[in-house]
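This is protein01.cif. It holds mmCIF, C-alpha atoms.
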```
data_upload
#
loop_
_atom_site.label_atom_id
_atom_site.label_comp_id
_atom_site.auth_asym_id
_atom_site.auth_seq_id
_atom_site.Cartn_x
_atom_site.Cartn_y
_atom_site.Cartn_z
CA MET A 283 -19.65 0.58 4.08
CA LEU A 284 -15.93 1.09 3.44
CA TYR A 285 -14.32 1.74 0.07
CA PHE A 286 -10.81 0.61 -0.84
CA HIS A 287 -9.02 3.02 -3.15
CA ASP A 288 -5.55 1.53 -3.14
CA TYR A 289 -3.83 -1.47 -1.62
CA SER A 290 -0.34 -2.92 -1.23
CA CYS A 291 1.09 -6.08 0.27
CA ILE A 292 4.45 -7.55 1.24
CA SER A 293 4.03 -11.27 1.82
CA PRO A 294 5.90 -14.55 1.21
CA GLN A 295 4.60 -14.43 -2.38
CA PRO A 296 5.36 -11.82 -5.09
CA THR A 297 2.47 -9.57 -4.05
CA TYR A 298 4.40 -6.27 -3.92
CA GLY A 299 4.62 -3.90 -6.87
CA ASN A 300 3.43 -5.97 -9.81
CA PRO A 301 1.85 -9.03 -8.18
CA VAL A 302 2.43 -12.44 -9.77
CA LEU A 303 0.30 -15.07 -8.04
CA GLY A 304 0.34 -17.87 -10.59
CA GLN A 305 3.50 -19.55 -9.36
CA LEU A 306 3.58 -20.59 -5.71
CA LEU A 307 6.86 -19.82 -3.94
CA ALA A 308 7.96 -22.54 -1.53
CA SER A 309 8.29 -22.37 2.25
CA GLN A 310 11.69 -22.71 3.92
CA GLU A 311 11.97 -25.07 6.88
CA SER A 312 8.24 -24.86 7.58
CA LYS A 313 8.22 -21.07 7.49
CA LEU A 314 6.95 -18.63 4.91
CA PHE A 315 9.11 -15.51 5.13
CA ALA A 316 8.03 -12.21 3.62
CA ARG A 317 9.83 -11.21 0.41
CA GLU A 318 11.29 -7.84 1.23
CA PRO A 319 11.76 -5.21 -1.50
CA ALA A 320 14.64 -2.71 -1.69
CA TYR A 321 12.83 -0.06 0.45
CA SER A 322 14.03 2.87 -1.62
CA GLY A 323 11.57 5.22 0.12
CA ILE A 324 12.91 4.69 3.66
CA PRO A 325 15.94 6.80 4.70
CA PRO A 326 18.89 4.43 5.39
CA GLY A 327 19.48 5.94 8.84
CA ILE A 328 15.94 4.99 9.87
CA LEU A 329 15.87 1.67 8.01
CA ARG A 330 18.89 0.26 9.88
CA ARG A 331 17.05 0.49 13.20
CA MET A 332 13.81 -1.09 12.04
CA GLY A 333 12.75 -4.58 12.95
CA LYS A 334 11.17 -6.70 10.24
CA ALA A 335 7.53 -5.99 11.15
CA VAL A 336 8.19 -2.25 11.01
CA ARG A 337 10.14 -2.58 7.74
CA ILE A 338 7.55 -4.60 5.85
CA ALA A 339 4.66 -2.48 7.16
CA ILE A 340 6.29 0.78 6.14
CA GLY A 341 7.48 -0.69 2.85
CA ALA A 342 3.92 -1.76 2.03
CA ALA A 343 2.36 1.50 3.25
CA LEU A 344 4.65 4.10 1.66
CA PRO A 345 3.26 3.73 -1.89
CA LEU A 346 -0.19 4.51 -0.45
CA MET A 347 0.96 7.56 1.52
CA LYS A 348 1.73 9.74 -1.50
CA ASP A 349 -1.71 11.34 -1.22
CA PRO A 350 -2.79 12.95 2.06
CA ALA A 351 -4.50 10.77 4.67
CA MET A 352 -6.40 11.85 7.75
CA GLY A 353 -4.95 9.07 9.86
CA ILE A 354 -3.22 5.73 10.23
CA ILE A 355 -4.91 2.66 11.72
CA ILE A 356 -2.80 -0.48 12.15
CA GLY A 357 -3.69 -3.94 13.41
CA THR A 358 -0.91 -6.16 14.74
CA ALA A 359 -0.89 -8.98 17.26
CA ASN A 360 2.78 -8.86 18.21
CA GLY A 361 4.37 -5.85 16.49
CA GLY A 362 8.17 -6.05 16.53
CA MET A 363 8.39 -9.08 18.79
CA GLU A 364 11.92 -10.04 17.69
CA ASP A 365 13.38 -6.71 18.84
CA CYS A 366 11.22 -6.76 21.95
CA ILE A 367 12.77 -10.06 23.00
CA LYS A 368 16.27 -8.78 22.18
CA PHE A 369 15.61 -5.91 24.55
CA LEU A 370 14.25 -8.14 27.30
CA ASP A 371 17.21 -10.53 26.87
CA GLN A 372 19.55 -7.58 27.37
CA ILE A 373 17.94 -6.83 30.73
CA ILE A 374 18.88 -10.32 31.90
CA GLU A 375 22.27 -10.56 30.17
CA TYR A 376 23.50 -7.22 31.48
CA GLN A 377 21.81 -7.57 34.86
CA GLU A 378 19.53 -4.59 34.44
CA GLY A 379 22.51 -2.39 33.59
CA MET A 380 22.86 -0.11 30.57
CA LEU A 381 20.50 -1.04 27.76
CA THR A 382 20.53 0.05 24.11
CA PRO A 383 17.45 2.10 23.25
CA GLY A 384 17.13 1.05 19.59
CA ASN A 385 15.56 -2.36 20.21
CA PHE A 386 13.11 -0.91 22.70
CA VAL A 387 12.07 2.07 20.58
CA GLN A 388 11.34 -0.16 17.59
CA SER A 389 9.69 -3.05 19.36
CA THR A 390 6.54 -1.58 20.83
CA THR A 391 3.45 -2.57 18.90
CA ASN A 392 2.57 1.04 18.09
CA ALA A 393 6.05 1.72 16.64
CA ILE A 394 4.68 0.76 13.21
CA ALA A 395 1.92 3.36 13.07
CA ALA A 396 4.18 5.87 14.81
CA GLN A 397 7.04 5.43 12.32
CA LEU A 398 4.58 5.68 9.46
CA GLY A 399 3.28 8.93 10.89
CA LEU A 400 6.81 10.29 11.29
CA ILE A 401 8.03 9.29 7.83
CA SER A 402 4.91 10.55 6.04
CA LYS A 403 4.66 13.62 8.36
CA ASN A 404 1.09 12.58 9.13
CA LYS A 405 -0.03 14.13 12.42
CA GLY A 406 -3.61 12.86 12.23
CA TYR A 407 -5.39 9.97 13.95
CA ASN A 408 -2.77 7.32 14.81
CA ILE A 409 -4.03 4.12 16.37
CA THR A 410 -2.79 0.56 16.77
CA HIS A 411 -5.19 -2.29 17.49
CA VAL A 412 -3.76 -5.33 19.26
CA HIS A 413 -6.41 -8.04 19.48
CA ARG A 414 -4.39 -11.10 18.53
CA GLY A 415 -6.18 -12.85 15.65
CA LEU A 416 -8.70 -10.06 15.22
CA SER A 417 -6.27 -7.13 15.21
CA PHE A 418 -6.73 -6.29 11.52
CA GLU A 419 -10.50 -6.70 11.70
CA ASN A 420 -10.63 -4.28 14.64
CA ALA A 421 -8.58 -1.81 12.63
CA LEU A 422 -11.16 -2.15 9.84
CA LEU A 423 -14.05 -1.59 12.27
CA ASP A 424 -12.28 1.52 13.54
CA ALA A 425 -11.87 2.72 9.95
CA ILE A 426 -15.57 2.11 9.24
CA MET A 427 -16.55 4.24 12.24
CA ILE A 428 -14.10 7.07 11.66
CA THR A 429 -14.87 7.36 7.94
CA ARG A 430 -18.55 7.67 8.87
CA GLU A 431 -17.56 10.66 10.97
CA ASN A 432 -15.31 12.07 8.25
CA PRO A 433 -16.84 10.97 4.93
CA ALA A 434 -14.47 13.10 2.86
CA GLY A 435 -11.32 11.78 4.51
CA HIS A 436 -9.02 8.97 3.44
CA TYR A 437 -7.27 6.74 6.00
CA LEU A 438 -4.50 4.18 5.85
CA VAL A 439 -5.54 0.83 7.34
CA GLY A 440 -3.30 -2.19 7.59
CA GLY A 441 -2.41 -5.46 9.24
CA VAL A 442 1.10 -6.73 9.92
CA ASP A 443 2.96 -9.40 11.86
CA GLU A 444 6.41 -10.98 11.64
CA ILE A 445 7.83 -14.42 12.41
CA SER A 446 9.82 -13.95 15.61
CA SER A 447 11.96 -16.75 17.02
CA TYR A 448 10.28 -16.33 20.41
CA ASP A 449 6.73 -16.52 19.09
CA TYR A 450 7.64 -19.35 16.71
CA ASN A 451 9.18 -21.50 19.45
CA ILE A 452 6.26 -20.95 21.82
CA GLU A 453 3.69 -21.70 19.11
CA CYS A 454 5.60 -24.84 18.05
CA LEU A 455 5.59 -26.09 21.63
CA ALA A 456 1.88 -25.33 21.89
CA GLY A 457 1.25 -27.31 18.69
CA TRP A 458 0.09 -24.43 16.51
CA TYR A 459 3.08 -24.59 14.15
CA ARG A 460 4.84 -27.63 12.70
CA SER A 461 8.57 -27.34 12.96
CA HIS A 462 9.30 -29.86 10.20
CA GLY A 463 7.87 -32.38 7.82
CA ILE A 464 5.83 -30.50 5.23
CA GLY A 465 6.16 -27.77 2.62
CA ASN A 466 3.47 -25.26 1.75
CA GLU A 467 2.65 -27.01 -1.56
CA HIS A 468 1.25 -29.93 0.47
CA LEU A 469 -0.21 -27.95 3.34
CA TYR A 470 -3.76 -29.20 2.93
CA GLN A 471 -2.82 -32.87 2.52
CA TRP A 472 -1.46 -32.98 6.07
CA GLU A 473 -3.82 -34.72 8.46
CA GLY A 474 -2.22 -33.71 11.74
CA THR A 475 -2.30 -30.59 13.79
CA GLY A 476 -0.37 -27.34 13.41
CA SER A 477 0.28 -25.13 10.42
CA LEU A 478 3.16 -23.29 8.78
CA ALA A 479 4.41 -20.03 10.28
CA GLY A 480 3.98 -16.98 8.10
CA GLU A 481 4.26 -13.21 8.07
CA GLY A 482 3.24 -10.24 6.00
CA ALA A 483 2.03 -6.66 5.82
CA SER A 484 -1.05 -5.53 3.92
CA MET A 485 -2.03 -1.89 3.63
CA PHE A 486 -5.16 -0.20 2.29
CA ARG A 487 -6.17 3.34 1.51
CA VAL A 488 -9.85 3.58 2.46
CA SER A 489 -12.68 6.08 2.70
CA ALA A 490 -16.48 6.25 2.86
CA SER A 491 -16.58 7.58 -0.69
CA PRO A 492 -17.13 5.28 -3.70
CA ALA A 493 -15.49 7.73 -6.12
CA GLY A 494 -12.45 6.03 -7.63
CA ALA A 495 -12.79 2.96 -5.39
CA ARG A 496 -11.33 -0.37 -6.52
CA ALA A 497 -13.19 -2.58 -4.00
CA GLN A 498 -15.57 -2.23 -1.11
CA LEU A 499 -16.16 -3.97 2.16
CA THR A 500 -19.87 -4.74 2.25
CA GLY A 501 -20.02 -6.66 5.51
CA ILE A 502 -17.91 -7.66 8.48
CA ARG A 503 -18.53 -9.75 11.59
CA ILE A 504 -16.10 -10.77 14.29
CA PHE A 505 -16.61 -12.93 17.34
CA GLN A 506 -14.83 -15.14 19.83
CA GLY A 507 -15.80 -18.67 20.81
CA GLU A 508 -15.29 -22.31 19.95
CA ASP A 509 -18.89 -23.27 19.21
CA LEU A 510 -19.68 -24.37 15.65
CA THR A 511 -23.31 -23.26 15.92
CA ARG A 512 -22.04 -19.76 16.70
CA VAL A 513 -20.20 -19.79 13.38
CA GLU A 514 -23.46 -20.70 11.62
CA ASP A 515 -25.42 -18.07 13.54
CA GLU A 516 -22.95 -15.29 12.84
CA LEU A 517 -22.74 -16.16 9.14
CA SER A 518 -26.55 -16.29 8.87
CA GLY A 519 -26.72 -12.95 10.63
CA LEU A 520 -24.15 -11.39 8.32
CA LEU A 521 -25.84 -12.63 5.17
CA ALA A 522 -29.19 -11.30 6.40
CA GLU A 523 -27.86 -7.79 7.04
CA PRO A 524 -29.26 -4.94 4.93
CA GLY A 525 -27.21 -4.66 1.77
CA MET A 526 -26.02 -8.26 2.04
CA ASN A 527 -29.31 -10.15 1.77
CA GLY A 528 -29.67 -12.10 -1.42
CA GLN A 529 -26.21 -11.28 -2.75
CA HIS A 530 -24.59 -14.19 -4.50
CA ILE A 531 -21.20 -15.14 -3.08
CA ASP A 532 -19.03 -15.98 -6.08
CA LEU A 533 -16.02 -17.01 -4.07
CA LEU A 534 -15.34 -18.12 -0.52
CA LEU A 535 -11.78 -17.27 0.47
CA SER A 536 -11.11 -19.70 3.26
CA GLY A 537 -8.41 -19.39 5.91
CA GLU A 538 -8.01 -23.19 6.07
CA ASN A 539 -4.48 -23.78 7.33
CA GLY A 540 -3.83 -27.53 7.29
CA ASP A 541 -4.53 -27.92 11.00
CA ALA A 542 -7.12 -30.70 11.37
CA ARG A 543 -8.58 -29.00 14.45
CA MET A 544 -9.65 -26.01 12.36
CA LEU A 545 -11.36 -28.00 9.61
CA PRO A 546 -14.79 -28.29 11.33
CA PHE A 547 -15.05 -24.48 11.35
CA TYR A 548 -14.14 -24.13 7.68
CA ASN A 549 -16.35 -27.07 6.69
CA THR A 550 -19.28 -25.46 8.50
CA VAL A 551 -18.88 -22.28 6.48
CA GLU A 552 -18.40 -24.19 3.22
CA LYS A 553 -21.72 -26.01 3.78
CA PHE A 554 -23.43 -22.65 3.95
CA MET A 555 -22.31 -21.61 0.50
CA GLN A 556 -24.42 -21.89 -2.63
CA ARG A 557 -23.68 -24.84 -4.92
CA ASP A 558 -21.95 -22.68 -7.48
CA THR A 559 -19.82 -20.73 -5.01
CA ALA A 560 -16.16 -21.45 -5.70
CA ILE A 561 -13.86 -22.05 -2.74
CA ALA A 562 -10.25 -20.89 -2.61
CA ARG A 563 -7.57 -21.03 0.10
CA PHE A 564 -4.62 -18.76 0.81
CA LYS A 565 -2.68 -20.00 3.87
CA HIS A 566 -0.33 -22.09 1.67
CA MET A 567 0.75 -18.71 0.26
CA THR A 568 1.01 -16.75 3.48
CA GLY A 569 1.40 -19.25 6.30
CA GLU A 570 -0.54 -18.86 9.53
CA PHE A 571 -0.23 -15.72 11.62
CA ALA A 572 -2.54 -13.50 13.59
CA THR A 573 -3.07 -10.94 10.85
CA ALA A 574 -3.11 -13.32 7.87
CA SER A 575 -6.68 -12.11 7.25
CA ALA A 576 -5.18 -8.77 6.14
CA VAL A 577 -3.42 -10.61 3.29
CA ALA A 578 -6.77 -12.29 2.53
CA ALA A 579 -8.33 -8.82 2.31
CA TRP A 580 -5.56 -7.76 -0.09
CA LEU A 581 -6.15 -10.92 -2.14
CA ALA A 582 -9.89 -10.22 -2.24
CA CYS A 583 -9.28 -6.68 -3.56
CA HIS A 584 -6.77 -8.00 -6.10
CA LEU A 585 -9.05 -10.82 -7.29
CA LEU A 586 -12.04 -8.48 -7.64
CA GLU A 587 -10.02 -6.05 -9.71
CA LYS A 588 -7.84 -8.39 -11.79
CA GLN A 589 -10.24 -11.37 -11.99
CA GLU A 590 -7.35 -13.85 -11.92
CA LEU A 591 -7.56 -16.79 -9.55
CA PRO A 592 -4.50 -19.07 -9.67
CA ASP A 593 -5.21 -22.81 -9.81
CA HIS A 594 -3.16 -23.49 -6.69
CA MET A 595 -5.65 -21.44 -4.65
CA LEU A 596 -8.78 -23.27 -5.84
CA LYS A 597 -10.29 -25.92 -3.61
CA LYS A 598 -13.66 -26.36 -5.25
CA GLY A 599 -15.40 -25.26 -8.40
CA LEU A 600 -14.46 -22.77 -11.02
CA VAL A 601 -15.60 -19.23 -11.19
CA GLY A 602 -17.66 -19.32 -14.36
CA LYS A 603 -18.52 -15.65 -14.42
CA GLU A 604 -17.09 -12.42 -13.16
CA ILE A 605 -16.20 -12.42 -9.46
CA GLU A 606 -18.31 -9.71 -7.87
CA ASN A 607 -18.58 -10.82 -4.24
CA ILE A 608 -15.95 -12.56 -2.12
CA LEU A 609 -16.56 -13.79 1.40
CA VAL A 610 -13.42 -14.18 3.54
CA TYR A 611 -13.72 -16.46 6.55
CA ASN A 612 -10.79 -16.86 8.90
CA THR A 613 -10.34 -18.31 12.34
CA PHE A 614 -7.30 -17.87 14.54
CA LYS A 615 -6.76 -20.95 16.69
CA GLY A 616 -10.46 -21.79 16.47
CA ARG A 617 -11.22 -19.10 19.04
CA GLN A 618 -11.27 -15.86 17.11
CA HIS A 619 -13.36 -15.70 13.96
CA SER A 620 -14.02 -13.15 11.25
CA PHE A 621 -16.20 -12.84 8.19
CA MET A 622 -15.48 -10.08 5.69
CA GLN A 623 -17.39 -9.64 2.47
CA PHE A 624 -15.68 -7.72 -0.32
CA SER A 625 -17.51 -6.61 -3.47
CA LYS A 626 -16.86 -4.76 -6.65
CA PRO A 627 -17.65 -1.12 -5.99
CA LEU A 628 -20.85 0.29 -7.38
CA PRO A 629 -20.18 2.92 -10.03
CA ALA A 630 -20.03 6.41 -8.51
CA ILE A 631 -23.10 8.51 -9.28
CA MET B 42 46.15 -4.60 22.27
CA GLU B 43 47.99 -2.22 19.93
CA THR B 44 46.27 1.07 19.06
CA ALA B 45 45.94 0.18 15.37
CA GLU B 46 44.34 -3.16 16.25
CA LEU B 47 41.99 -1.51 18.77
CA LYS B 48 40.83 0.92 16.08
CA GLN B 49 39.92 -1.97 13.77
CA VAL B 50 38.08 -3.80 16.55
CA LEU B 51 36.17 -0.63 17.51
CA LYS B 52 35.14 0.07 13.90
CA LYS B 53 33.80 -3.46 13.63
CA GLN B 54 31.90 -3.09 16.90
CA ILE B 55 30.37 0.24 15.80
CA VAL B 56 29.15 -1.25 12.51
CA GLU B 57 27.63 -4.23 14.35
CA PHE B 58 26.13 -2.28 17.28
CA LEU B 59 24.56 0.40 15.12
CA ASN B 60 23.61 -1.99 12.29
CA LEU B 61 25.24 0.28 9.70
CA LEU B 62 23.98 -1.69 6.71
CA SER B 63 25.94 0.06 3.96
CA VAL B 64 29.20 0.73 5.86
CA LYS B 65 32.21 -1.58 6.04
CA PRO B 66 34.50 -1.20 9.06
CA GLU B 67 37.49 -0.53 6.80
CA ASP B 68 35.60 2.35 5.13
CA ILE B 69 35.53 4.39 8.37
CA ARG B 70 38.47 6.80 8.53
CA ASP B 71 40.14 7.34 11.90
CA ASP B 72 39.44 11.10 11.79
CA GLU B 73 36.00 10.90 10.16
CA PRO B 74 33.36 12.71 12.30
CA LEU B 75 30.90 10.23 13.80
CA PHE B 76 27.98 12.69 13.93
CA GLY B 77 26.61 15.13 11.38
CA GLU B 78 28.75 14.92 8.28
CA GLY B 79 30.89 11.82 8.04
CA LEU B 80 29.16 8.72 9.41
CA GLY B 81 25.96 10.74 10.01
CA LEU B 82 25.05 9.22 13.37
CA ASP B 83 22.32 10.76 15.54
CA SER B 84 21.38 11.15 19.21
CA ILE B 85 20.07 7.60 19.62
CA ASP B 86 23.37 6.32 18.19
CA SER B 87 25.25 8.32 20.83
CA ILE B 88 23.44 6.35 23.54
CA GLU B 89 24.23 3.11 21.71
CA LEU B 90 27.92 4.09 21.63
CA ILE B 91 27.92 4.87 25.36
CA VAL B 92 26.40 1.43 26.00
CA LEU B 93 29.05 -0.11 23.69
CA LEU B 94 31.86 1.51 25.73
CA ASN B 95 30.27 0.25 28.93
CA ARG B 96 29.74 -3.33 27.79
CA GLU B 97 32.94 -3.89 25.84
CA TYR B 98 35.44 -1.80 27.80
CA GLY B 99 33.86 -1.26 31.22
CA ILE B 100 33.79 2.51 30.73
CA ASN B 101 31.02 4.64 32.28
CA ILE B 102 30.47 8.03 30.73
CA GLN B 103 27.99 9.92 32.86
CA ASP B 104 28.87 13.54 32.07
CA PRO B 105 27.39 14.65 28.71
CA LYS B 106 30.21 17.19 28.29
CA GLU B 107 32.74 14.39 28.57
CA GLY B 108 30.76 12.31 26.10
CA ARG B 109 30.90 15.12 23.53
CA LYS B 110 34.69 15.12 23.70
CA VAL B 111 34.96 11.34 23.45
CA LEU B 112 32.45 10.59 20.69
CA VAL B 113 34.07 12.77 18.04
CA ASP B 114 35.83 10.22 15.85
CA ILE B 115 37.65 6.87 16.06
CA ASN B 116 40.87 8.56 17.23
CA THR B 117 39.19 10.26 20.23
CA MET B 118 37.28 7.13 21.19
CA VAL B 119 40.36 4.89 21.05
CA ASP B 120 42.40 7.43 22.99
CA TYR B 121 39.74 7.48 25.73
CA ILE B 122 39.40 3.68 25.76
CA GLU B 123 43.14 3.19 26.18
CA LYS B 124 43.19 5.56 29.16
CA HIS B 125 40.02 4.45 30.95
CA ARG B 126 39.21 0.84 30.05
CA THR B 127 38.64 -1.53 32.95
CA LYS B 128 38.34 -4.67 30.85
#
```
Taking this structure as input, can you express it in the form of structure tokens?
Amino acid sequence: MLYFHDYSCISPQPTYGNPVLGQLLASQESKLFAREPAYSGIPPGILRRMGKAVRIAIGAALPLMKDPAMGIIIGTANGGMEDCIKFLDQIIEYQEGMLTPGNFVQSTTNAIAAQLGLISKNKGYNITHVHRGLSFENALLDAIMITRENPAGHYLVGGVDEISSYDYNIECLAGWYRSHGIGNEHLYQWEGTGSLAGEGASMFRVSASPAGARAQLTGIRIFQGEDLTRVEDELSGLLAEPGMNGQHIDLLLSGENGDARMLPFYNTVEKFMQRDTAIARFKHMTGEFATASAVAAWLACHLLEKQELPDHMLKKGLVGKEIENILVYNTFKGRQHSFMQFSKPLPAI
Amino acid sequence: METAELKQVLKKQIVEFLNLLSVKPEDIRDDEPLFGEGLGLDSIDSIELIVLLNREYGINIQDPKEGRKVLVDINTMVDYIEKHRTK
């Protein structure tokens, strides 16, 4: 379906460069902030104008842009929201007078893909998908379609979002984030509502060719709705698809986020798994955000390749044999749902 | 405000406005070119500087030719501010 040749991630955990997942890094004041590297590949004159979402996305993507790509496909729910709000605040503060252009230029959602295109001098396909909690998945679907049209071409696909004070405050008021009271090491012991805020950027170099691939996406389904039976139906449908039927799922990577309202969805999926399917969680590492599933995709690629599953991720069971198939299930606010199955790539013929 | 003090304040404002991560206000020389060689600012920075003059000193620069003469270095900016500031 879609082959992953390279991948990179900047997240609240040491995932960038040489990933070390064994030791869980703690949240700060109910937030999991991305660990930013030194960004040696970004010219300082450009770096100083970038908002965090743009910085972490470009920082994660640059190592994958050394080889030519036919295009850039990014999924982001909010893009550079922090700079966007700075710009809007200026309009009020200075009574619609003179406004600085920097905040505006860098705060549009498509500034990430655009900056990547400029820095890497890539003039190919350049698209940004903004579908809230399914932004990354829509970017993947786009990549699947365009690589079918151009089987020889490689594309950069990614998902990114930042913690912005505006978004954080709104989501706290709406009850989606907890503003205090729990650290990420105890995220799943919480019995109330709300989760921890998080952020991150995950980038992938993909194509339709298995040659040299490190992982493959063997199935994907997305849907919107709040009905548990729909979750069952979509999962049944995915598992019955050609190429998926009968495959053993070694690991379920669950987007469980400590919010009691989301548990029925995750429990429904868990009940569908075979008895020996191990279950792991990742939101205590990343926090909750609209494109957290992109970090899950990075984790799936990493786990398939390195075969190391830290204890703090495991919810149930132990993977007794090699992990060959990983099913990622994630829901954003119980309304947007995605299933992605990642597998070890078949050897190229 | 004395000229020397105004220069220090302006340097600080430029570093903050333009988010010059690796530059300290005291590192900027009074006669160091703002654009090209020197501080290495670009066209977007020039708009930021015009906004800075408007917000902090009540100065409106509308003629690009005038702007080119003002935004040369700290000396030219301070000279213009002292003559035209309204706040």
Next on the checklist: Considering all atoms listed in the file, can you say which of B:Thr127, B:Asp83, B:Pro74, B:Thr44 comes closest to Lys110 (chain B)?
Outcome noted: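 Of all the options, B:Pro74 lies closest to Lys110 (chain B).
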Checklist entry - Which is closest to Val302 (chain A) among A:Arg557, A:His584, A:Arg563, A:Lys405, if we use all atoms listed in the file? => result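 Nearest candidate to Val302 (chain A) out of A:Arg557, A:His584, A:Arg563, A:Lys405: A:His584.
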Item to check | Between CA of Lys52 (chain B) and CA of Ile401 (chain A), distance in Å (one decimal) | outcome: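 Going from CA of Lys52 (chain B) over to CA of Ile401 (chain A), I get 29.3 Å.
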Next on the checklist: Nearest residue to Glu46 (chain B) out of B:Ile91, B:Glu123, B:Lys128, B:Leu82, using all atoms listed in the file?
Outcome noted: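 Answer, going by the shortest atom-to-atom distance: B:Glu123.
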Next on the checklist: I'd like to know which of B:Val111, B:Ile69, B:Val50, B:Leu80 is closest to Glu97 (chain B), using only C-alpha atoms.
Outcome noted: B:Val50
